[in-house]
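Asker: Sharing work_5.pdb (PDB, C-alpha atoms) below.
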```pdb
ATOM      1  CA  MET A 141     -20.227 -13.470  39.927  1.00  0.00           C
ATOM      2  CA  THR A 142     -21.662 -10.977  37.478  1.00  0.00           C
ATOM      3  CA  GLY A 143     -18.242  -9.337  37.002  1.00  0.00           C
ATOM      4  CA  VAL A 144     -16.691 -12.659  35.993  1.00  0.00           C
ATOM      5  CA  ALA A 145     -19.567 -13.459  33.655  1.00  0.00           C
ATOM      6  CA  THR A 146     -19.258 -10.041  32.036  1.00  0.00           C
ATOM      7  CA  ALA A 147     -15.505 -10.434  31.566  1.00  0.00           C
ATOM      8  CA  LEU A 148     -15.954 -13.843  29.925  1.00  0.00           C
ATOM      9  CA  ALA A 149     -18.787 -12.765  27.647  1.00  0.00           C
ATOM     10  CA  ALA A 150     -18.063 -12.645  23.937  1.00  0.00           C
ATOM     11  CA  PRO A 151     -17.388  -9.215  22.481  1.00  0.00           C
ATOM     12  CA  PRO A 152     -20.085  -7.745  20.253  1.00  0.00           C
ATOM     13  CA  LEU A 153     -19.889  -8.788  16.626  1.00  0.00           C
ATOM     14  CA  ALA A 154     -20.983  -5.463  15.174  1.00  0.00           C
ATOM     15  CA  LEU A 155     -18.350  -3.181  13.739  1.00  0.00           C
ATOM     16  CA  SER A 156     -18.681   0.548  14.051  1.00  0.00           C
ATOM     17  CA  ARG A 157     -17.910   2.967  11.232  1.00  0.00           C
ATOM     18  CA  SER A 158     -14.724   4.034  12.985  1.00  0.00           C
ATOM     19  CA  ASP A 159     -13.556   0.396  13.119  1.00  0.00           C
ATOM     20  CA  ILE A 160     -14.096   0.042   9.382  1.00  0.00           C
ATOM     21  CA  ALA A 161     -12.347   3.377   8.774  1.00  0.00           C
ATOM     22  CA  THR A 162      -9.380   2.134  10.808  1.00  0.00           C
ATOM     23  CA  TYR A 163      -9.161  -1.084   8.770  1.00  0.00           C
ATOM     24  CA  VAL A 164      -9.429   0.774   5.466  1.00  0.00           C
ATOM     25  CA  SER A 165      -6.754   3.238   6.603  1.00  0.00           C
ATOM     26  CA  ALA A 166      -4.482   0.310   7.508  1.00  0.00           C
ATOM     27  CA  LEU A 167      -4.957  -1.143   4.016  1.00  0.00           C
ATOM     28  CA  PHE A 168      -3.953   2.175   2.471  1.00  0.00           C
ATOM     29  CA  ILE A 169      -0.859   2.287   4.691  1.00  0.00           C
ATOM     30  CA  VAL A 170       0.147  -1.245   3.700  1.00  0.00           C
ATOM     31  CA  TYR A 171      -0.271  -0.392   0.014  1.00  0.00           C
ATOM     32  CA  THR A 172       1.765   2.791   0.468  1.00  0.00           C
ATOM     33  CA  ILE A 173       4.550   0.742   2.061  1.00  0.00           C
ATOM     34  CA  LEU A 174       4.439  -1.703  -0.858  1.00  0.00           C
ATOM     35  CA  ILE A 175       4.812   1.183  -3.324  1.00  0.00           C
ATOM     36  CA  LEU A 176       7.775   2.545  -1.353  1.00  0.00           C
ATOM     37  CA  LEU A 177       9.361  -0.922  -1.368  1.00  0.00           C
ATOM     38  CA  ASN A 178       8.832  -1.074  -5.124  1.00  0.00           C
ATOM     39  CA  ILE A 179      10.675   2.231  -5.443  1.00  0.00           C
ATOM     40  CA  LEU A 180      13.575   0.900  -3.355  1.00  0.00           C
ATOM     41  CA  ILE A 181      13.707  -2.301  -5.387  1.00  0.00           C
ATOM     42  CA  SER A 182      14.015  -0.301  -8.597  1.00  0.00           C
ATOM     43  CA  PHE A 183      17.277   1.270  -7.375  1.00  0.00           C
ATOM     44  CA  VAL A 184      19.006  -2.106  -6.993  1.00  0.00           C
ATOM     45  CA  PRO A 185      20.195  -3.178 -10.456  1.00  0.00           C
ATOM     46  CA  ARG A 186      20.704  -6.877  -9.739  1.00  0.00           C
ATOM     47  CA  MET A 187      19.207  -8.735  -6.854  1.00  0.00           C
ATOM     48  CA  PRO A 188      20.920 -11.960  -5.848  1.00  0.00           C
ATOM     49  CA  TYR A 189      18.782 -14.955  -6.717  1.00  0.00           C
ATOM     50  CA  SER A 190      17.023 -16.629  -3.858  1.00  0.00           C
ATOM     51  CA  PRO A 191      13.676 -18.443  -4.152  1.00  0.00           C
ATOM     52  CA  TRP A 192      12.080 -16.754  -1.137  1.00  0.00           C
ATOM     53  CA  LEU A 193      13.425 -13.330  -2.150  1.00  0.00           C
ATOM     54  CA  ARG A 194      12.060 -13.812  -5.680  1.00  0.00           C
ATOM     55  CA  VAL A 195       8.609 -14.597  -4.252  1.00  0.00           C
ATOM     56  CA  VAL A 196       8.636 -11.450  -2.118  1.00  0.00           C
ATOM     57  CA  LEU A 197       9.871  -9.237  -4.970  1.00  0.00           C
ATOM     58  CA  ASP A 198       7.321 -10.679  -7.385  1.00  0.00           C
ATOM     59  CA  PHE A 199       4.539 -10.086  -4.849  1.00  0.00           C
ATOM     60  CA  ILE A 200       5.566  -6.450  -4.412  1.00  0.00           C
ATOM     61  CA  THR A 201       5.811  -5.737  -8.128  1.00  0.00           C
ATOM     62  CA  GLU A 202       2.657  -7.657  -9.070  1.00  0.00           C
ATOM     63  CA  THR A 203       0.561  -5.837  -6.475  1.00  0.00           C
ATOM     64  CA  THR A 204       1.843  -2.325  -7.159  1.00  0.00           C
ATOM     65  CA  ASP A 205       2.576  -2.277 -10.906  1.00  0.00           C
ATOM     66  CA  PRO A 206      -1.073  -2.245 -12.075  1.00  0.00           C
ATOM     67  CA  TYR A 207      -1.683   0.944 -10.064  1.00  0.00           C
ATOM     68  CA  LEU A 208       1.642   2.516 -11.012  1.00  0.00           C
ATOM     69  CA  ASN A 209       1.152   1.683 -14.708  1.00  0.00           C
ATOM     70  CA  ILE A 210      -1.851   4.023 -14.745  1.00  0.00           C
ATOM     71  CA  PHE A 211       0.500   6.924 -14.012  1.00  0.00           C
ATOM     72  CA  ARG A 212       3.328   5.574 -16.166  1.00  0.00           C
ATOM     73  CA  SER A 213       1.015   5.589 -19.185  1.00  0.00           C
ATOM     74  CA  PHE A 214       0.910   9.399 -19.265  1.00  0.00           C
ATOM     75  CA  MET A 215       4.152  10.283 -17.438  1.00  0.00           C
ATOM     76  CA  ARG A 216       7.420   9.339 -19.036  1.00  0.00           C
ATOM     77  CA  PRO A 217      10.655   9.080 -17.035  1.00  0.00           C
ATOM     78  CA  VAL A 218      12.738  12.242 -16.762  1.00  0.00           C
ATOM     79  CA  GLY A 219      16.254  12.008 -18.140  1.00  0.00           C
ATOM     80  CA  GLY A 220      17.603   9.406 -20.455  1.00  0.00           C
ATOM     81  CA  GLY A 221      19.731   6.357 -20.795  1.00  0.00           C
ATOM     82  CA  GLY A 222      20.422   4.393 -17.655  1.00  0.00           C
ATOM     83  CA  PHE A 223      19.783   7.402 -15.437  1.00  0.00           C
ATOM     84  CA  ALA A 224      16.104   7.988 -16.182  1.00  0.00           C
ATOM     85  CA  PHE A 225      14.104   9.016 -13.131  1.00  0.00           C
ATOM     86  CA  ASP A 226      10.504   7.788 -12.914  1.00  0.00           C
ATOM     87  CA  LEU A 227       8.294  10.382 -11.216  1.00  0.00           C
ATOM     88  CA  SER A 228       5.061   8.406 -11.570  1.00  0.00           C
ATOM     89  CA  PRO A 229       5.308   6.718  -8.118  1.00  0.00           C
ATOM     90  CA  ILE A 230       5.457  10.149  -6.462  1.00  0.00           C
ATOM     91  CA  PHE A 231       2.229  11.230  -8.118  1.00  0.00           C
ATOM     92  CA  ALA A 232       0.703   7.812  -7.455  1.00  0.00           C
ATOM     93  CA  LEU A 233       1.441   8.222  -3.735  1.00  0.00           C
ATOM     94  CA  ILE A 234      -0.056  11.728  -3.738  1.00  0.00           C
ATOM     95  CA  VAL A 235      -3.249  10.477  -5.402  1.00  0.00           C
ATOM     96  CA  LEU A 236      -3.370   7.493  -3.046  1.00  0.00           C
ATOM     97  CA  GLY A 237      -3.102   9.831  -0.051  1.00  0.00           C
ATOM     98  CA  ILE A 238      -5.917  12.020  -1.379  1.00  0.00           C
ATOM     99  CA  VAL A 239      -8.147   8.998  -2.015  1.00  0.00           C
ATOM    100  CA  GLU A 240      -7.351   7.674   1.469  1.00  0.00           C
ATOM    101  CA  ALA A 241      -8.331  10.991   3.045  1.00  0.00           C
ATOM    102  CA  ILE A 242     -11.626  11.043   1.132  1.00  0.00           C
ATOM    103  CA  VAL A 243     -12.544   7.401   1.804  1.00  0.00           C
ATOM    104  CA  VAL A 244     -11.506   7.305   5.449  1.00  0.00           C
ATOM    105  CA  GLY A 245     -13.094  10.710   6.022  1.00  0.00           C
ATOM    106  CA  ALA A 246     -16.361   9.476   4.556  1.00  0.00           C
ATOM    107  CA  LEU A 247     -16.285   6.383   6.775  1.00  0.00           C
ATOM    108  CA  SER A 248     -15.447   8.249   9.989  1.00  0.00           C
TER     109      SER A 248
END
```
Can you present the structure in this file as structure tokens?
Answerer:
Amino acid sequence: MTGVATALAAPPLALSRSDIATYVSALFIVYTILILLNILISFVPRMPYSPWLRVVLDFITETTDPYLNIFRSFMRPVGGGGFAFDLSPIFALIVLGIVEAIVVGALS
């Protein structure tokens, strides 16, 4: 009977530092994916209009543009005209990876 009671007992509510580090790392990964999606979106000149697609695209741009604008303020696109290449997301991803390593390393 004790084995059944142990199996049905509620899990402990305390989180360890490694659990928190795992959650924080997952948040960094999700944000990195959003930045990569923003990069892919920028290569498509005209997206077909669809209400649900517009909501998704607006969510991606509204969550990543404030961070990317920090790097865009001091890095201008390379090239000119319609073929300008924005390098700021590359540096933003590098900085994000460094910050992730520091934060997750401190929590582990």
Asker: Translate the PyMOL selection byres ((chain A and resi 219-228) around 12), as applied to the file shown, into an explicit residue set as a short mmCIF file (atom, residue, chain, number, x, y, z; two decimals) with C-alpha atoms, in the frame of the given file.
Answerer:
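Just written: result_30.cif:
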```cif
data_model
loop_
_atom_site.label_atom_id
_atom_site.label_comp_id
_atom_site.auth_asym_id
_atom_site.auth_seq_id
_atom_site.Cartn_x
_atom_site.Cartn_y
_atom_site.Cartn_z
CA ILE A 175 4.81 1.18 -3.32
CA ASN A 178 8.83 -1.07 -5.12
CA ILE A 179 10.68 2.23 -5.44
CA SER A 182 14.02 -0.30 -8.60
CA PHE A 183 17.28 1.27 -7.38
CA PRO A 185 20.20 -3.18 -10.46
CA ASP A 205 2.58 -2.28 -10.91
CA TYR A 207 -1.68 0.94 -10.06
CA LEU A 208 1.64 2.52 -11.01
CA ASN A 209 1.15 1.68 -14.71
CA ILE A 210 -1.85 4.02 -14.74
CA PHE A 211 0.50 6.92 -14.01
CA ARG A 212 3.33 5.57 -16.17
CA SER A 213 1.01 5.59 -19.18
CA PHE A 214 0.91 9.40 -19.26
CA MET A 215 4.15 10.28 -17.44
CA ARG A 216 7.42 9.34 -19.04
CA PRO A 217 10.66 9.08 -17.04
CA VAL A 218 12.74 12.24 -16.76
CA PRO A 229 5.31 6.72 -8.12
CA ILE A 230 5.46 10.15 -6.46
CA PHE A 231 2.23 11.23 -8.12
CA ALA A 232 0.70 7.81 -7.46
CA LEU A 233 1.44 8.22 -3.74
CA ILE A 234 -0.06 11.73 -3.74
CA VAL A 235 -3.25 10.48 -5.40
#
```
Asker: Which residue gives the smallest distance to A:Ile160 among A:Val184, A:Ser248, A:Thr204, A:Val195, with all atoms listed in the file counted?
Answerer: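 Using all atoms listed in the file, the shortest distance to A:Ile160 belongs to A:Ser248.
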Asker: Choose the residue, out of A:Ile169, A:Leu174, A:Leu180, A:Val244, that has the smallest atom-to-atom separation from A:Thr203; count all atoms listed in the file.
Answerer: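 Distance minimum relative to A:Thr203 lands on A:Leu174.
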Asker: Name every residue that the PyMOL selection byres ((chain A and resi 245) around 12) selects in this structure, writing the answer as a ChimeraX atom specification with chains first and numbers rising.
Answerer: /A:157-158,160-162,164-165,237-244,246-248
Asker: Kindly give the distance, in Å, that separates atom CA of A:Thr172 and atom CA of A:Arg186, rounded to a single decimal.
Answerer: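 Between atom CA of A:Thr172 and atom CA of A:Arg186 the gap is 23.6 Å.
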Asker: Smallest atom-to-atom distance to A:Asp198: which of A:Val170, A:Leu177, A:Asp159, A:Ala154, using all atoms listed in the file?
Answerer: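 Closest residue, counting all atoms listed in the file: A:Leu177.
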